[in-house]
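**Q** Take this structure, written in structure tokens, and hold onto it; I'll ask about it next.
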Amino acid sequence: MSTRGPHMTARRPPPSWGRRRLDPEHSLGLRLTLATVAAFVVLVPFAALAALVLGDWPPLHRLDTAVTDALHTYALTHPGWVRLMSIWTDVFAPMPLRAAALLLAVWLVRRGARRLALWVAVTMLVGGVLGPLLKLLVGRDRPDLLDPVARATGYAFPSGHALNAALAAGVLLVVFLPYARRPAQRVTLWLVALLVAVLTGVSRIALGVHWTSDVVGGWLLGAAVVAATSAAFTVWRHAPGTAARSTRP
């Protein structure tokens with residue numbers, strides 16, 4: 001016969017650490033913390049690099065010049081390499097990547113993932129605004145080569161191609177990694193994202209229209225924007241009063 005009264009309830013033991021990890025509130029806090037830390041960690045080296053560029057730090061200048069001279073010398077004697085880099089840099093230029101992001105956002109809206117579609121649009125928009133603004137603030141000139149194989153206008157730092165390629169790579173991973181159930185699919189997504197970001201940036205250096213630090217700055221800024229907008233999206237998605245109206249993509 002039980003000795004418990006009608007008002008006595010069994011006391012639940014405190015959740016173990018393993019169960020606590022799966023709690024939605026703890027999961028939200030962990031994701032938000034990681035995204036915020038990632039944005040800060042990436043933004044710090046970008047700010048440091050921008051300061052070195054503004055100060056025309058001699059070691060950085062020598063490194064940029066050495067890489068540009070080496071790749072330009074190679075390009076002058078390898079027209080096939082120049083054509084390949086030119087095609088790649090045109091296909092993965094900022095405007096085609098933004099058009100692809102717009103199509104992705106439309107696809108997400110049609111699937112009912114409106115918030116994720118808005119995140120894609122905002123991420124590309126924020127990067128698209130920051131890039132030209134920082135170019136004006138830094139005011140760095142592009143490489144001035146005697147026999148250029150390609151030409152580009154505007155200031156150099158940060159590289160708009162590298163920035164938008166990094167944004168596109170981040171969008172690709174954030175949107176499609178949850179659908180990749182198999183390890184091979186995840187590896188493929190990572191490889192595609194890295195290929196788009198890295199080769200697009202390298203094409204700008206190979207064509208002699210950007211310094212190496214311009215491209216690295218574009219990559220860093222793109223990663224920081226993706227991390228920052230992801231953190232903001234996480235907060236908004238789970239904000240009180242909006243979670244009840246949200247639907248899972």
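Chains: A, B, ... in order of the structure tokens. Residues: from 1 per chain. Ligands: from 1, in order shown.
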Quick one: which segment 114-136 of chain A residues come within 8 Å of segment 223-230 of chain A, and what is the nearest atom pair for each with the distance in Å to one decimal, counting only C-alpha atoms, rows ordered by chain and ascending number, as a tab-separated table?

**A**
residue	atom	partner	partner_atom	distance
A:Trp119	CA	A:Thr229	CA	7.2
A:Val122	CA	A:Thr229	CA	7.7
A:Thr123	CA	A:Thr229	CA	6.2
A:Val126	CA	A:Val225	CA	7.3
A:Gly127	CA	A:Val225	CA	6.5

**Q** Can you write just those residues out, C-alpha atoms, as a PDB file, in the first residue's frame?

**A**
ATOM      1  CA  TRP A 119      18.024  35.657 -43.253  1.00  0.00           C
ATOM      2  CA  VAL A 122      19.606  40.134 -45.076  1.00  0.00           C
ATOM      3  CA  THR A 123      22.973  38.381 -44.990  1.00  0.00           C
ATOM      4  CA  VAL A 126      24.479  43.478 -45.181  1.00  0.00           C
ATOM      5  CA  GLY A 127      27.609  42.181 -46.889  1.00  0.00           C
TER       6      GLY A 127
END

**Q** Tell me, as a list in words, which residues lie within 9 Å of Trp211 of chain A, counting only C-alpha atoms; anything in the same chain fewer than 3 positions away does not count.

**A**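 Contacts, in chain order: Asp64, Thr65, Val67, Thr68, Arg142, Pro143, Ala156, Phe157, Ser159, Arg204, Ile205, Gly208, Asp214, Val215 and Val216 of chain A.
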
**Q** Write the selection just made, keeping all heavy atoms, as a compact mmCIF listing (two decimals), in the first residue's frame?

**A**
# COMPACT_ATOMS: atom_id res chain seq x y z
N ASP A 64 52.24 41.14 -50.11
CA ASP A 64 51.27 41.38 -51.18
C ASP A 64 51.98 41.53 -52.53
O ASP A 64 51.55 40.96 -53.54
CB ASP A 64 50.45 42.64 -50.89
CG ASP A 64 49.34 42.39 -49.90
OD1 ASP A 64 48.87 41.24 -49.80
OD2 ASP A 64 48.92 43.36 -49.22
N THR A 65 53.05 42.29 -52.53
CA THR A 65 53.78 42.54 -53.78
C THR A 65 54.41 41.26 -54.31
O THR A 65 54.37 40.99 -55.53
CB THR A 65 54.86 43.60 -53.56
OG1 THR A 65 54.25 44.81 -53.07
CG2 THR A 65 55.60 43.91 -54.84
N VAL A 67 53.49 38.09 -53.85
CA VAL A 67 52.49 37.17 -54.38
C VAL A 67 51.94 37.68 -55.70
O VAL A 67 51.80 36.91 -56.67
CB VAL A 67 51.35 36.98 -53.36
CG1 VAL A 67 50.23 36.14 -53.97
CG2 VAL A 67 51.87 36.31 -52.09
N THR A 68 51.64 38.96 -55.78
CA THR A 68 51.11 39.53 -57.02
C THR A 68 52.10 39.41 -58.16
O THR A 68 51.74 39.03 -59.28
CB THR A 68 50.73 41.01 -56.80
OG1 THR A 68 49.65 41.08 -55.86
CG2 THR A 68 50.30 41.66 -58.11
N ARG A 142 44.27 49.53 -56.17
CA ARG A 142 44.52 48.19 -56.69
C ARG A 142 45.95 48.09 -57.22
O ARG A 142 46.63 49.11 -57.42
CB ARG A 142 43.53 47.88 -57.82
CG ARG A 142 42.07 47.79 -57.36
CD ARG A 142 41.16 47.56 -58.55
NE ARG A 142 39.76 47.57 -58.14
CZ ARG A 142 39.07 46.49 -57.80
NH1 ARG A 142 39.67 45.30 -57.83
NH2 ARG A 142 37.80 46.58 -57.45
N PRO A 143 46.44 46.87 -57.47
CA PRO A 143 47.78 46.72 -58.06
C PRO A 143 47.87 47.45 -59.39
O PRO A 143 46.95 47.41 -60.21
CB PRO A 143 47.90 45.19 -58.25
CG PRO A 143 46.98 44.60 -57.23
CD PRO A 143 45.83 45.57 -57.13
N ALA A 156 40.33 48.73 -53.53
CA ALA A 156 40.70 47.33 -53.45
C ALA A 156 40.25 46.60 -52.19
O ALA A 156 39.83 45.44 -52.26
CB ALA A 156 42.23 47.20 -53.58
N PHE A 157 40.35 47.24 -51.03
CA PHE A 157 40.14 46.53 -49.76
C PHE A 157 38.78 46.84 -49.15
O PHE A 157 38.43 48.01 -48.96
CB PHE A 157 41.22 46.91 -48.75
CG PHE A 157 41.14 46.15 -47.46
CD1 PHE A 157 41.82 44.95 -47.30
CD2 PHE A 157 40.39 46.63 -46.40
CE1 PHE A 157 41.75 44.24 -46.11
CE2 PHE A 157 40.30 45.93 -45.20
CZ PHE A 157 40.99 44.73 -45.06
N SER A 159 38.12 42.80 -50.91
CA SER A 159 37.67 42.30 -52.20
C SER A 159 36.19 41.99 -52.17
O SER A 159 35.72 41.19 -51.35
CB SER A 159 38.46 41.04 -52.58
OG SER A 159 37.83 40.36 -53.64
N ARG A 204 40.94 36.54 -58.18
CA ARG A 204 41.17 37.99 -58.17
C ARG A 204 42.66 38.33 -58.03
O ARG A 204 43.15 39.28 -58.63
CB ARG A 204 40.38 38.64 -57.03
CG ARG A 204 38.90 38.32 -57.04
CD ARG A 204 38.25 38.69 -58.36
NE ARG A 204 38.10 40.14 -58.48
CZ ARG A 204 37.78 40.75 -59.60
NH1 ARG A 204 37.64 40.06 -60.72
NH2 ARG A 204 37.62 42.06 -59.63
N ILE A 205 43.36 37.53 -57.24
CA ILE A 205 44.81 37.73 -57.11
C ILE A 205 45.51 37.31 -58.38
O ILE A 205 46.44 37.97 -58.85
CB ILE A 205 45.37 36.96 -55.90
CG1 ILE A 205 44.55 37.24 -54.65
CG2 ILE A 205 46.83 37.32 -55.66
CD1 ILE A 205 44.90 36.34 -53.47
N GLY A 208 45.49 39.78 -61.02
CA GLY A 208 46.22 41.01 -60.72
C GLY A 208 45.35 42.20 -60.42
O GLY A 208 45.80 43.35 -60.55
N ASP A 214 43.63 41.94 -49.63
CA ASP A 214 42.26 42.33 -50.00
C ASP A 214 41.33 41.13 -49.95
O ASP A 214 40.20 41.20 -49.44
CB ASP A 214 42.22 42.92 -51.41
CG ASP A 214 43.07 44.16 -51.57
OD1 ASP A 214 43.30 44.85 -50.55
OD2 ASP A 214 43.49 44.44 -52.70
N VAL A 215 41.81 40.02 -50.51
CA VAL A 215 41.01 38.80 -50.58
C VAL A 215 40.82 38.21 -49.18
O VAL A 215 39.71 37.81 -48.82
CB VAL A 215 41.67 37.79 -51.53
CG1 VAL A 215 41.01 36.42 -51.42
CG2 VAL A 215 41.61 38.31 -52.96
N VAL A 216 41.89 38.16 -48.41
CA VAL A 216 41.77 37.64 -47.04
C VAL A 216 40.80 38.51 -46.24
O VAL A 216 39.97 37.99 -45.47
CB VAL A 216 43.15 37.59 -46.35
CG1 VAL A 216 43.02 37.20 -44.88
CG2 VAL A 216 44.07 36.61 -47.08

**Q** Using only C-alpha atoms, pick whichever of A:Val120, A:Ala231, A:Gly160, A:Thr153 has the shortest atom-to-atom distance to Leu133 of chain A.

**A**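 For Leu133 of chain A, the nearest of the given residues is A:Gly160.
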
**Q** Pick from A:Gly170, A:Gly131, A:Gly80, A:Gly201: nearest to Gly154 of chain A, with only C-alpha atoms counted?

**A**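 Going through A:Gly170, A:Gly131, A:Gly80, A:Gly201 one by one, the smallest distance to Gly154 of chain A is for A:Gly131.
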
**Q** Name all residues at most 10 Å from Val44 of chain A (count only C-alpha atoms; drop same-chain ones fewer than 6 positions away) and give them as a list in words.

**A**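 Result of the neighbour search: Ala50, Leu220, Leu221 and Ala224 of chain A.
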
**Q** Among segment 34-249 of chain A, which residues carry a DSSP assignment of alpha helix (DSSP H), reported as number ranges by chain?

**A** A: 34-54, 58-76, 79-91, 94-110, 114-138, 160-176, 183-206, 212-237

**Q** Please provide the set of residues having any atom within 9 Å of segment 75-78 of chain A, restricted to only C-alpha atoms, with same-chain residues fewer than 4 positions apart removed, written as a list in words.

**A** Ala70, Leu71, Val82, Asp147, Pro148, Val149, Ala206, Leu207 and Gly208 of chain A

**Q** What separation in Å, quoted to one decimal, exists between atom CA of Leu52 of chain A and atom CA of Pro158 of chain A?

**A** 12.7 Å

**Q** Using only C-alpha atoms for the distances, tell me which of A:Ala99, A:Val174, A:Leu63, A:Val106 is nearest to Leu125 of chain A.

**A** A:Ala99

**Q** Could you list, as a VMD selection string, every residue within 10 Å of His161 of chain A, counting only C-alpha atoms and ignoring same-chain residues fewer than 2 positions away?

**A** chain A and resid 89 to 90 92 to 95 97 131 158 to 159 163 to 167 197 200 to 204 210 214 to 215 218 to 219

**Q** Restricting the calculation to only C-alpha atoms: of A:Ala100, A:Leu172, A:Leu134, A:Val42, which residue gets closest to Tyr155 of chain A?

**A**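 That would be A:Leu134, the residue with the smallest distance to Tyr155 of chain A.
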